[in-house]
file query-v6.csv (CSV, C-alpha atoms)
chain,number,residue,atom,x,y,z
B,12,MET,CA,-97.3,91.8,8.5
B,13,ASP,CA,-100.7,93.4,9.0
B,14,VAL,CA,-101.8,95.6,6.1
B,15,GLY,CA,-104.7,97.9,5.3
B,16,VAL,CA,-106.6,99.2,2.3
B,17,ILE,CA,-108.2,102.6,2.5
B,18,GLY,CA,-110.9,102.9,-0.1
B,19,VAL,CA,-112.4,99.7,-1.7
B,20,GLY,CA,-113.5,101.0,-5.1
B,21,THR,CA,-112.4,99.4,-8.3
B,22,MET,CA,-108.7,99.3,-7.4
B,23,GLY,CA,-109.1,99.0,-3.6
B,24,LYS,CA,-111.1,95.8,-3.8
B,25,ASN,CA,-108.3,94.3,-6.0
B,26,HIS,CA,-105.7,95.3,-3.4
B,27,ALA,CA,-107.8,93.6,-0.7
B,28,ARG,CA,-108.1,90.5,-2.8
B,29,VAL,CA,-104.4,90.3,-3.6
B,30,TYR,CA,-103.3,91.0,0.0
B,31,SER,CA,-105.6,88.2,1.2
B,32,GLU,CA,-103.7,85.8,-1.1
B,33,LEU,CA,-100.1,86.8,-0.1
B,34,LYS,CA,-98.3,84.5,2.3
B,35,SER,CA,-96.3,87.5,3.5
B,36,VAL,CA,-99.4,89.2,4.8
B,37,ASP,CA,-100.9,88.1,8.2
B,38,ARG,CA,-104.1,90.1,8.5
B,39,VAL,CA,-106.0,92.5,6.1
B,40,PHE,CA,-108.0,95.5,7.3
B,41,VAL,CA,-110.2,97.6,5.1
B,42,TYR,CA,-112.0,101.0,5.4
B,43,ASP,CA,-114.3,102.9,3.1
B,44,VAL,CA,-116.7,105.8,3.7
B,45,ASN,CA,-119.2,103.4,2.1
B,46,ALA,CA,-119.6,101.0,5.0
B,47,ALA,CA,-121.7,98.5,3.1
B,48,ALA,CA,-119.0,98.3,0.4
B,49,ALA,CA,-116.3,97.8,3.0
B,50,LYS,CA,-118.4,95.1,4.7
B,51,ALA,CA,-118.9,93.3,1.4
B,52,ILE,CA,-115.2,93.3,0.5
B,53,GLY,CA,-114.3,92.2,4.1
B,54,SER,CA,-116.6,89.3,3.9
B,55,GLN,CA,-115.4,88.3,0.4
B,56,HIS,CA,-111.7,88.3,1.3
B,57,GLY,CA,-111.7,87.6,5.0
B,58,ALA,CA,-110.6,91.1,5.9
B,59,THR,CA,-111.5,93.0,9.1
B,60,VAL,CA,-113.6,96.1,8.5
B,61,CYS,CA,-112.6,99.3,10.4
B,62,ASP,CA,-114.9,102.2,11.4
B,63,SER,CA,-112.3,104.9,10.6
B,64,VAL,CA,-109.0,105.5,9.0
B,65,ASP,CA,-107.5,106.1,12.4
B,66,GLN,CA,-108.7,102.7,13.6
B,67,LEU,CA,-107.2,101.0,10.5
B,68,LEU,CA,-103.9,102.8,11.0
B,69,ALA,CA,-103.7,101.7,14.6
B,70,ARG,CA,-104.0,98.1,13.6
B,71,THR,CA,-101.7,97.9,10.6
B,72,GLU,CA,-98.1,98.4,9.6
B,73,ALA,CA,-98.5,99.2,5.9
B,74,VAL,CA,-101.4,100.5,3.9
B,75,SER,CA,-102.6,101.0,0.3
B,76,VAL,CA,-104.3,104.3,-0.3
B,77,CYS,CA,-107.0,103.7,-2.9
B,78,VAL,CA,-109.3,106.6,-2.4
B,79,PRO,CA,-110.2,108.9,-5.3
B,80,THR,CA,-107.3,111.1,-6.4
B,81,GLN,CA,-108.8,114.3,-5.0
B,82,PHE,CA,-108.6,112.8,-1.5
B,83,HIS,CA,-105.0,111.4,-1.8
B,84,ALA,CA,-103.3,114.3,-0.1
B,85,ALA,CA,-105.5,114.4,3.0
B,86,THR,CA,-105.5,110.6,3.4
B,87,VAL,CA,-101.8,110.2,2.9
B,88,ARG,CA,-101.1,112.9,5.5
B,89,GLN,CA,-103.0,110.8,8.0
B,90,VAL,CA,-100.9,107.8,7.1
B,91,PHE,CA,-97.7,109.8,7.4
B,92,SER,CA,-98.8,111.1,10.8
B,93,ALA,CA,-99.2,107.5,12.0
B,94,LYS,CA,-95.7,106.7,10.5
B,95,LYS,CA,-97.0,103.8,8.4
B,96,HIS,CA,-95.6,102.5,5.2
B,97,ALA,CA,-97.7,103.8,2.3
B,98,LEU,CA,-98.5,102.6,-1.3
B,99,ILE,CA,-100.4,105.4,-3.0
B,100,GLU,CA,-102.5,104.5,-6.1
B,101,LYS,CA,-101.6,106.5,-9.2
B,102,PRO,CA,-101.7,109.4,-9.8
B,103,ILE,CA,-99.9,110.3,-6.6
B,104,CYS,CA,-101.9,113.5,-6.3
B,105,ALA,CA,-104.2,115.8,-8.2
B,106,SER,CA,-101.2,117.9,-9.3
B,107,ALA,CA,-97.4,117.8,-9.2
B,108,LYS,CA,-97.4,120.9,-7.0
B,109,GLU,CA,-99.7,119.2,-4.5
B,110,ALA,CA,-97.6,116.0,-4.5
B,111,VAL,CA,-94.4,118.0,-3.8
B,112,GLU,CA,-96.0,119.7,-0.8
B,113,LEU,CA,-97.4,116.3,0.4
B,114,MET,CA,-93.9,114.7,0.3
B,115,LYS,CA,-92.6,117.4,2.6
B,116,SER,CA,-94.7,115.8,5.4
B,117,ALA,CA,-93.3,112.3,4.9
B,118,PRO,CA,-91.7,111.0,8.0
B,119,PRO,CA,-88.2,109.3,7.8
B,120,GLY,CA,-87.9,105.5,8.1
B,121,ILE,CA,-91.0,104.5,6.1
B,122,THR,CA,-91.4,103.0,2.6
B,123,ILE,CA,-93.4,105.1,0.2
B,124,GLY,CA,-94.4,103.8,-3.2
B,125,VAL,CA,-96.8,104.8,-5.9
B,126,GLY,CA,-99.0,102.2,-7.7
B,127,HIS,CA,-98.0,102.6,-11.3
B,128,ILE,CA,-99.0,99.0,-11.9
B,129,GLU,CA,-97.9,98.6,-15.5
B,130,ARG,CA,-94.2,98.9,-14.4
B,131,PHE,CA,-94.7,95.5,-12.9
B,132,ASN,CA,-96.0,93.9,-16.1
B,133,PRO,CA,-93.4,91.3,-17.1
B,134,VAL,CA,-93.6,92.7,-20.7
B,135,VAL,CA,-91.8,95.9,-19.4
B,136,SER,CA,-88.9,94.0,-18.0
B,137,GLU,CA,-88.5,91.9,-21.1
B,138,ILE,CA,-88.6,94.9,-23.4
B,139,ARG,CA,-86.0,96.6,-21.2
B,140,LYS,CA,-83.6,93.8,-22.0
B,141,ILE,CA,-84.2,94.0,-25.7
B,142,VAL,CA,-84.4,97.8,-26.5
B,143,ASP,CA,-81.0,99.2,-27.2
B,144,LYS,CA,-81.1,102.2,-29.6
B,145,PRO,CA,-84.7,103.0,-30.5
B,146,LEU,CA,-85.4,104.9,-33.7
B,147,TYR,CA,-89.2,105.2,-33.1
B,148,VAL,CA,-91.5,104.4,-30.2
B,149,GLU,CA,-95.3,104.1,-30.1
B,150,MET,CA,-97.6,103.2,-27.3
B,151,LYS,CA,-101.4,102.9,-27.4
B,152,ARG,CA,-103.8,102.5,-24.4
B,153,HIS,CA,-107.4,102.5,-25.5
B,154,ASN,CA,-110.4,101.6,-23.3
B,155,PRO,CA,-114.2,101.4,-23.7
B,156,ALA,CA,-116.1,103.9,-21.5
B,157,SER,CA,-116.0,102.9,-17.9
B,158,ALA,CA,-118.4,103.7,-15.0
B,159,ARG,CA,-115.5,103.8,-12.6
B,160,VAL,CA,-114.2,107.1,-14.1
B,161,THR,CA,-115.6,109.9,-12.1
B,162,GLY,CA,-113.1,112.7,-12.7
B,163,GLY,CA,-109.9,113.7,-14.4
B,164,THR,CA,-109.0,113.2,-18.1
B,165,VAL,CA,-107.7,110.2,-20.1
B,166,VAL,CA,-104.2,111.6,-19.7
B,167,GLU,CA,-103.8,111.1,-15.9
B,168,ASP,CA,-106.2,108.1,-16.0
B,169,LEU,CA,-104.7,106.0,-18.8
B,170,MET,CA,-101.8,107.7,-20.7
B,171,ILE,CA,-99.9,108.2,-17.4
B,172,HIS,CA,-99.1,104.5,-17.5
B,173,ASP,CA,-97.2,104.8,-20.8
B,174,ILE,CA,-95.6,108.1,-19.7
B,175,ASP,CA,-94.2,106.2,-16.7
B,176,ILE,CA,-92.9,103.4,-18.9
B,177,LEU,CA,-91.3,105.9,-21.3
B,178,LEU,CA,-89.6,107.9,-18.6
B,179,ASN,CA,-88.3,105.0,-16.7
B,180,LEU,CA,-87.6,102.5,-19.5
B,181,LEU,CA,-86.6,104.5,-22.6
B,182,CYS,CA,-86.1,108.3,-22.4
B,183,HIS,CA,-87.3,111.7,-21.2
B,184,PRO,CA,-89.2,113.9,-23.7
B,185,THR,CA,-87.5,117.1,-24.8
B,186,THR,CA,-90.5,118.4,-26.8
B,187,ILE,CA,-94.3,117.6,-26.4
B,188,HIS,CA,-97.1,118.3,-28.9
B,189,SER,CA,-100.6,117.1,-27.9
B,190,ALA,CA,-104.2,117.3,-29.2
B,191,GLY,CA,-107.4,115.8,-27.9
B,192,THR,CA,-110.3,116.0,-25.4
B,193,ALA,CA,-110.9,114.8,-21.9
B,194,ASP,CA,-111.6,111.3,-23.3
B,195,VAL,CA,-109.3,111.0,-26.3
B,196,CYS,CA,-105.7,112.2,-26.6
B,197,SER,CA,-102.8,111.9,-29.1
B,198,VAL,CA,-99.3,113.0,-28.3
B,199,LEU,CA,-96.1,113.3,-30.4
B,200,MET,CA,-92.9,113.7,-28.4
B,201,LYS,CA,-89.2,113.8,-29.1
B,202,CYS,CA,-86.7,112.2,-26.8
B,203,GLY,CA,-83.5,113.6,-28.3
B,204,ASN,CA,-83.8,112.5,-31.9
B,205,VAL,CA,-86.3,109.7,-31.2
B,206,PRO,CA,-89.9,110.4,-32.1
B,207,VAL,CA,-92.4,109.0,-29.6
B,208,ALA,CA,-96.2,108.7,-30.3
B,209,LEU,CA,-98.6,108.1,-27.5
B,210,SER,CA,-102.4,107.7,-27.8
B,211,ALA,CA,-105.1,107.0,-25.2
B,212,SER,CA,-108.9,106.8,-25.3
B,213,ARG,CA,-111.8,106.1,-23.1
B,214,LYS,CA,-114.2,105.9,-26.1
B,215,ALA,CA,-112.8,102.9,-27.9
B,216,SER,CA,-114.8,99.8,-29.0
B,217,LYS,CA,-111.6,97.7,-28.8
B,218,LYS,CA,-109.4,97.5,-25.8
B,219,ILE,CA,-105.7,98.0,-26.7
B,220,ARG,CA,-102.6,98.0,-24.6
B,221,MET,CA,-99.5,97.9,-26.8
B,222,ILE,CA,-95.9,99.1,-27.3
B,223,TYR,CA,-94.1,99.2,-30.6
B,224,VAL,CA,-90.4,100.0,-31.0
B,225,GLU,CA,-88.3,100.2,-34.2
B,226,GLN,CA,-84.6,99.8,-34.1
B,227,GLU,CA,-82.0,99.4,-36.9
B,228,ASP,CA,-81.8,95.7,-36.6
B,229,CYS,CA,-85.4,94.8,-35.4
B,230,THR,CA,-88.9,95.8,-34.6
B,231,ILE,CA,-90.3,94.9,-31.2
B,232,GLU,CA,-94.0,94.6,-30.3
B,233,GLY,CA,-95.4,94.1,-26.9
B,234,ASP,CA,-99.0,93.4,-25.7
B,235,PHE,CA,-99.5,94.4,-22.1
B,236,MET,CA,-102.8,92.4,-21.9
B,237,THR,CA,-101.7,89.1,-23.3
B,238,GLN,CA,-98.1,89.6,-21.9
B,239,GLU,CA,-96.6,88.7,-25.2
B,240,VAL,CA,-93.4,90.1,-26.9
B,241,THR,CA,-92.6,89.5,-30.5
B,242,ILE,CA,-89.3,90.5,-32.3
B,243,TYR,CA,-89.2,90.9,-36.1
B,244,ARG,CA,-85.7,90.8,-37.5
B,245,LYS,CA,-84.7,91.7,-41.0
B,246,PRO,CA,-83.8,88.9,-43.4
B,247,GLY,CA,-80.3,88.5,-44.8
B,248,GLN,CA,-81.5,89.7,-48.2
B,249,TYR,CA,-84.5,91.0,-50.1
B,250,GLN,CA,-85.6,89.7,-53.4
B,251,PHE,CA,-88.0,90.4,-56.3
B,252,GLU,CA,-90.1,87.6,-57.7
B,253,ALA,CA,-92.0,88.3,-60.9
B,254,GLU,CA,-91.4,92.0,-60.2
B,255,ARG,CA,-93.2,91.6,-56.8
B,256,TYR,CA,-91.4,92.5,-53.6
B,257,VAL,CA,-90.9,89.5,-51.2
B,258,GLN,CA,-89.6,89.8,-47.7
B,259,GLU,CA,-89.5,87.0,-45.2
B,260,ASN,CA,-88.8,88.4,-41.7
B,261,ILE,CA,-87.4,86.3,-38.9
B,262,ILE,CA,-90.0,86.3,-36.2
B,263,GLU,CA,-89.1,85.5,-32.6
B,264,LYS,CA,-91.5,85.0,-29.7
B,265,VAL,CA,-90.0,86.0,-26.4
B,266,MET,CA,-90.6,83.7,-23.5
B,267,VAL,CA,-92.4,85.8,-20.9
B,268,ASN,CA,-93.1,84.6,-17.4
B,269,LYS,CA,-96.7,85.7,-17.2
B,270,LEU,CA,-97.7,87.1,-13.8
B,271,GLU,CA,-100.4,89.3,-12.4
B,272,PRO,CA,-98.8,92.8,-12.2
B,273,LEU,CA,-100.8,93.8,-9.1
B,274,LYS,CA,-99.7,90.7,-7.3
B,275,ARG,CA,-96.0,91.5,-8.1
B,276,GLU,CA,-96.5,95.1,-7.1
B,277,LEU,CA,-98.1,94.4,-3.7
B,278,SER,CA,-95.8,91.6,-2.9
B,279,MET,CA,-92.8,93.9,-3.5
B,280,PHE,CA,-94.4,96.6,-1.4
B,281,VAL,CA,-94.8,94.3,1.6
B,282,ASP,CA,-91.2,93.0,1.2
B,283,CYS,CA,-89.9,96.6,0.9
B,284,ALA,CA,-91.9,97.7,4.0
B,285,ARG,CA,-90.6,94.7,6.0
B,286,GLU,CA,-87.0,95.3,5.0
B,287,GLY,CA,-87.1,99.1,5.1
B,288,ALA,CA,-86.1,99.2,1.4
B,289,PRO,CA,-87.2,101.8,-1.2
B,290,PHE,CA,-90.1,100.8,-3.5
B,291,PRO,CA,-89.2,100.7,-7.2
B,292,VAL,CA,-91.7,103.4,-8.1
B,293,THR,CA,-90.7,106.4,-6.0
B,294,PRO,CA,-92.7,109.5,-5.2
B,295,ASP,CA,-90.2,111.5,-7.3
B,296,GLN,CA,-90.8,109.4,-10.3
B,297,ALA,CA,-94.5,109.7,-9.9
B,298,ILE,CA,-94.2,113.5,-9.6
B,299,ASP,CA,-92.2,113.5,-12.9
B,300,ASN,CA,-95.0,111.5,-14.5
B,301,LEU,CA,-97.5,114.0,-13.4
B,302,ARG,CA,-95.4,116.9,-14.7
B,303,VAL,CA,-95.4,115.4,-18.2
B,304,CYS,CA,-99.1,114.8,-17.9
B,305,GLU,CA,-99.6,118.5,-17.1
B,306,GLN,CA,-97.5,119.4,-20.1
B,307,VAL,CA,-99.7,117.2,-22.3
B,308,LEU,CA,-102.8,118.8,-20.9
B,309,ALA,CA,-101.4,122.3,-21.4
B,310,GLY,CA,-100.8,121.5,-25.0
B,311,MET,CA,-104.4,120.3,-25.5
B,312,ALA,CA,-105.7,123.5,-23.9

call {"tool": "encode", "arguments": {"input": "query-v6.csv", "output": "structure tokens"}}
result
Amino acid sequence: MDVGVIGVGTMGKNHARVYSELKSVDRVFVYDVNAAAAKAIGSQHGATVCDSVDQLLARTEAVSVCVPTQFHAATVRQVFSAKKHALIEKPICASAKEAVELMKSAPPGITIGVGHIERFNPVVSEIRKIVDKPLYVEMKRHNPASARVTGGTVVEDLMIHDIDILLNLLCHPTTIHSAGTADVCSVLMKCGNVPVALSASRKASKKIRMIYVEQEDCTIEGDFMTQEVTIYRKPGQYQFEAERYVQENIIEKVMVNKLEPLKRELSMFVDCAREGAPFPVTPDQAIDNLRVCEQVLAGMA
């Protein structure tokens, strides 16, 4: 299958790299308004550089849309007009309303996915197997400042990953209370009776990507960067020694098959496009993620 990448910024260049490594991909085509950047990525990964989006669409069967979010709607409409399979980087659009309107123009018979990459982190699938009846959930996603961030807030840039995991792995929030700025945000939600705490920052000095879940019988910790999952189980009994409290938890390290999430995501997109199958992260799910982001932002305002 011949694939294309529209936009070769931070994420686009990674899409070009991974596509060039996939055996299921025949040829890779790239386009960017910055012709020099497109040429550099093309040379680096053996991709053919196109002079326009239309030229790229004429030569490919499936494409990744990696342009800045404000240009998603216009670019995806071009892809839909050409009836090509589309993987749209997150967030799907600048707003949920814009995304709903965009999806009305989607032609039948194509695979449409949204690049919520963390869903393809093997930590997520392992935690899905373990979590049964959560009593408390916490997720943190903190980053140092990045030159790649040119618009939007930390909510749709970083926190949206954890919102996607929450909605599709654990539960849907019934109440949302948020506080923060464009670069730092803290949210307390309730999913039924389960309190959920999310935090995200673009001002941190330490990079953090973690999930923490408490259940009656155990506590589960996951690190999205190291792709490690640890389970802490309560001991059979507690004891006092010389009036000091002693607790020896049973600690289990879960065997996680470590894989690059983007490679899993793009490989699955190509397979779904070839087979005419739906992609695991659907436009409807991506729109739900945006709606929760908008509730968080409204609370901050």

call {"tool": "residues_near_point", "arguments": {"input": "query-v6.csv", "point": "(-93.6, 103.7, -22.7)", "cutoff": "9 Å", "atoms": "all atoms listed in the file", "output": "list of chain:residue names"}}
result
B:Val135, B:Val148, B:Glu149, B:Met150, B:His172, B:Asp173, B:Ile174, B:Asp175, B:Ile176, B:Leu177, B:Leu178, B:Asn179, B:Leu180, B:Leu181, B:Cys182, B:Val207, B:Leu209, B:Ile222

call {"tool": "residues_near_point", "arguments": {"input": "query-v6.csv", "point": "(-101.6, 97.1, 7.8)", "cutoff": "9 Å", "atoms": "only C-alpha atoms", "output": "PyMOL selection string"}}
result
chain B and resi 12-16+36+38-40+67-75+95-96

call {"tool": "write_last_selection", "arguments": {"input": "query-v6.csv", "atoms": "C-alpha atoms", "output": "mmCIF file, in the frame of the given file"}}
result
data_model
loop_
_atom_site.group_PDB
_atom_site.id
_atom_site.type_symbol
_atom_site.label_atom_id
_atom_site.label_comp_id
_atom_site.auth_asym_id
_atom_site.auth_seq_id
_atom_site.Cartn_x
_atom_site.Cartn_y
_atom_site.Cartn_z
ATOM 1 C CA MET B 12 -97.300 91.800 8.500
ATOM 2 C CA ASP B 13 -100.700 93.400 9.000
ATOM 3 C CA VAL B 14 -101.800 95.600 6.100
ATOM 4 C CA GLY B 15 -104.700 97.900 5.300
ATOM 5 C CA VAL B 16 -106.600 99.200 2.300
ATOM 6 C CA VAL B 36 -99.400 89.200 4.800
ATOM 7 C CA ARG B 38 -104.100 90.100 8.500
ATOM 8 C CA VAL B 39 -106.000 92.500 6.100
ATOM 9 C CA PHE B 40 -108.000 95.500 7.300
ATOM 10 C CA LEU B 67 -107.200 101.000 10.500
ATOM 11 C CA LEU B 68 -103.900 102.800 11.000
ATOM 12 C CA ALA B 69 -103.700 101.700 14.600
ATOM 13 C CA ARG B 70 -104.000 98.100 13.600
ATOM 14 C CA THR B 71 -101.700 97.900 10.600
ATOM 15 C CA GLU B 72 -98.100 98.400 9.600
ATOM 16 C CA ALA B 73 -98.500 99.200 5.900
ATOM 17 C CA VAL B 74 -101.400 100.500 3.900
ATOM 18 C CA SER B 75 -102.600 101.000 0.300
ATOM 19 C CA LYS B 95 -97.000 103.800 8.400
ATOM 20 C CA HIS B 96 -95.600 102.500 5.200
#

call {"tool": "closest_residue", "arguments": {"input": "query-v6.csv", "among": "B:Val19, B:Ala288, B:Leu301, B:Leu270", "to": "Phe131 (chain B)", "atoms": "all atoms listed in the file"}}
result
B:Leu270

call {"tool": "closest_residue", "arguments": {"input": "query-v6.csv", "among": "B:Ala51, B:Val78, B:Ile262, B:Ala284", "to": "Thr21 (chain B)", "atoms": "only C-alpha atoms"}}
result
B:Val78

call {"tool": "residues_around", "arguments": {"input": "query-v6.csv", "residues": "Asp43 (chain B)", "least_positions_apart": "5", "cutoff": "9 Å", "atoms": "only C-alpha atoms", "output": "list in words"}}
result
Val16, Ile17, Gly18, Val19, Gly20, Ala48, Ala49, Lys50, Val60, Cys61, Asp62, Ser63, Val64 and Val78 of chain B

call {"tool": "atom_distance", "arguments": {"input": "query-v6.csv", "atom1": "CA of Ser210 (chain B)", "atom2": "CA of Gly163 (chain B)"}}
result
16.5 Å

call {"tool": "closest_residue", "arguments": {"input": "query-v6.csv", "among": "B:Ile171, B:Val87, B:Phe280, B:Val224", "to": "Thr293 (chain B)", "atoms": "all atoms listed in the file"}}
result
B:Phe280

call {"tool": "atom_distance", "arguments": {"input": "query-v6.csv", "atom1": "CA of Leu98 (chain B)", "atom2": "CA of Glu137 (chain B)"}}
result
24.6 Å

call {"tool": "closest_residue", "arguments": {"input": "query-v6.csv", "among": "B:Val166, B:Ala110, B:Ile187, B:Ala309", "to": "Pro206 (chain B)", "atoms": "only C-alpha atoms"}}
result
B:Ile187

call {"tool": "atom_distance", "arguments": {"input": "query-v6.csv", "atom1": "CA of His188 (chain B)", "atom2": "CA of Glu305 (chain B)"}}
result
12.1 Å

call {"tool": "decode", "arguments": {"input": "query-v6.csv", "residues": "region 120-138 of chain B", "atoms": "C-alpha atoms", "output": "PDB file, in the first residue's frame"}}
result
ATOM      1  CA  GLY B 120     -16.121   2.975   2.345  1.00  0.00           C
ATOM      2  CA  ILE B 121     -12.974   4.540   3.807  1.00  0.00           C
ATOM      3  CA  THR B 122     -11.233   3.947   7.131  1.00  0.00           C
ATOM      4  CA  ILE B 123     -11.049   7.045   9.338  1.00  0.00           C
ATOM      5  CA  GLY B 124      -8.977   7.007  12.512  1.00  0.00           C
ATOM      6  CA  VAL B 125      -7.667   9.544  14.998  1.00  0.00           C
ATOM      7  CA  GLY B 126      -4.125   9.422  16.342  1.00  0.00           C
ATOM      8  CA  HIS B 127      -4.607   9.178  20.084  1.00  0.00           C
ATOM      9  CA  ILE B 128      -1.251   7.427  20.295  1.00  0.00           C
ATOM     10  CA  GLU B 129      -1.306   6.547  24.010  1.00  0.00           C
ATOM     11  CA  ARG B 130      -4.148   4.102  23.378  1.00  0.00           C
ATOM     12  CA  PHE B 131      -1.546   1.944  21.625  1.00  0.00           C
ATOM     13  CA  ASN B 132       0.877   1.972  24.544  1.00  0.00           C
ATOM     14  CA  PRO B 133       1.087  -1.640  25.809  1.00  0.00           C
ATOM     15  CA  VAL B 134       0.665  -0.322  29.367  1.00  0.00           C
ATOM     16  CA  VAL B 135      -2.961   0.556  28.548  1.00  0.00           C
ATOM     17  CA  SER B 136      -3.887  -2.938  27.375  1.00  0.00           C
ATOM     18  CA  GLU B 137      -2.223  -4.510  30.433  1.00  0.00           C
ATOM     19  CA  ILE B 138      -4.055  -2.215  32.857  1.00  0.00           C
TER      20      ILE B 138
END
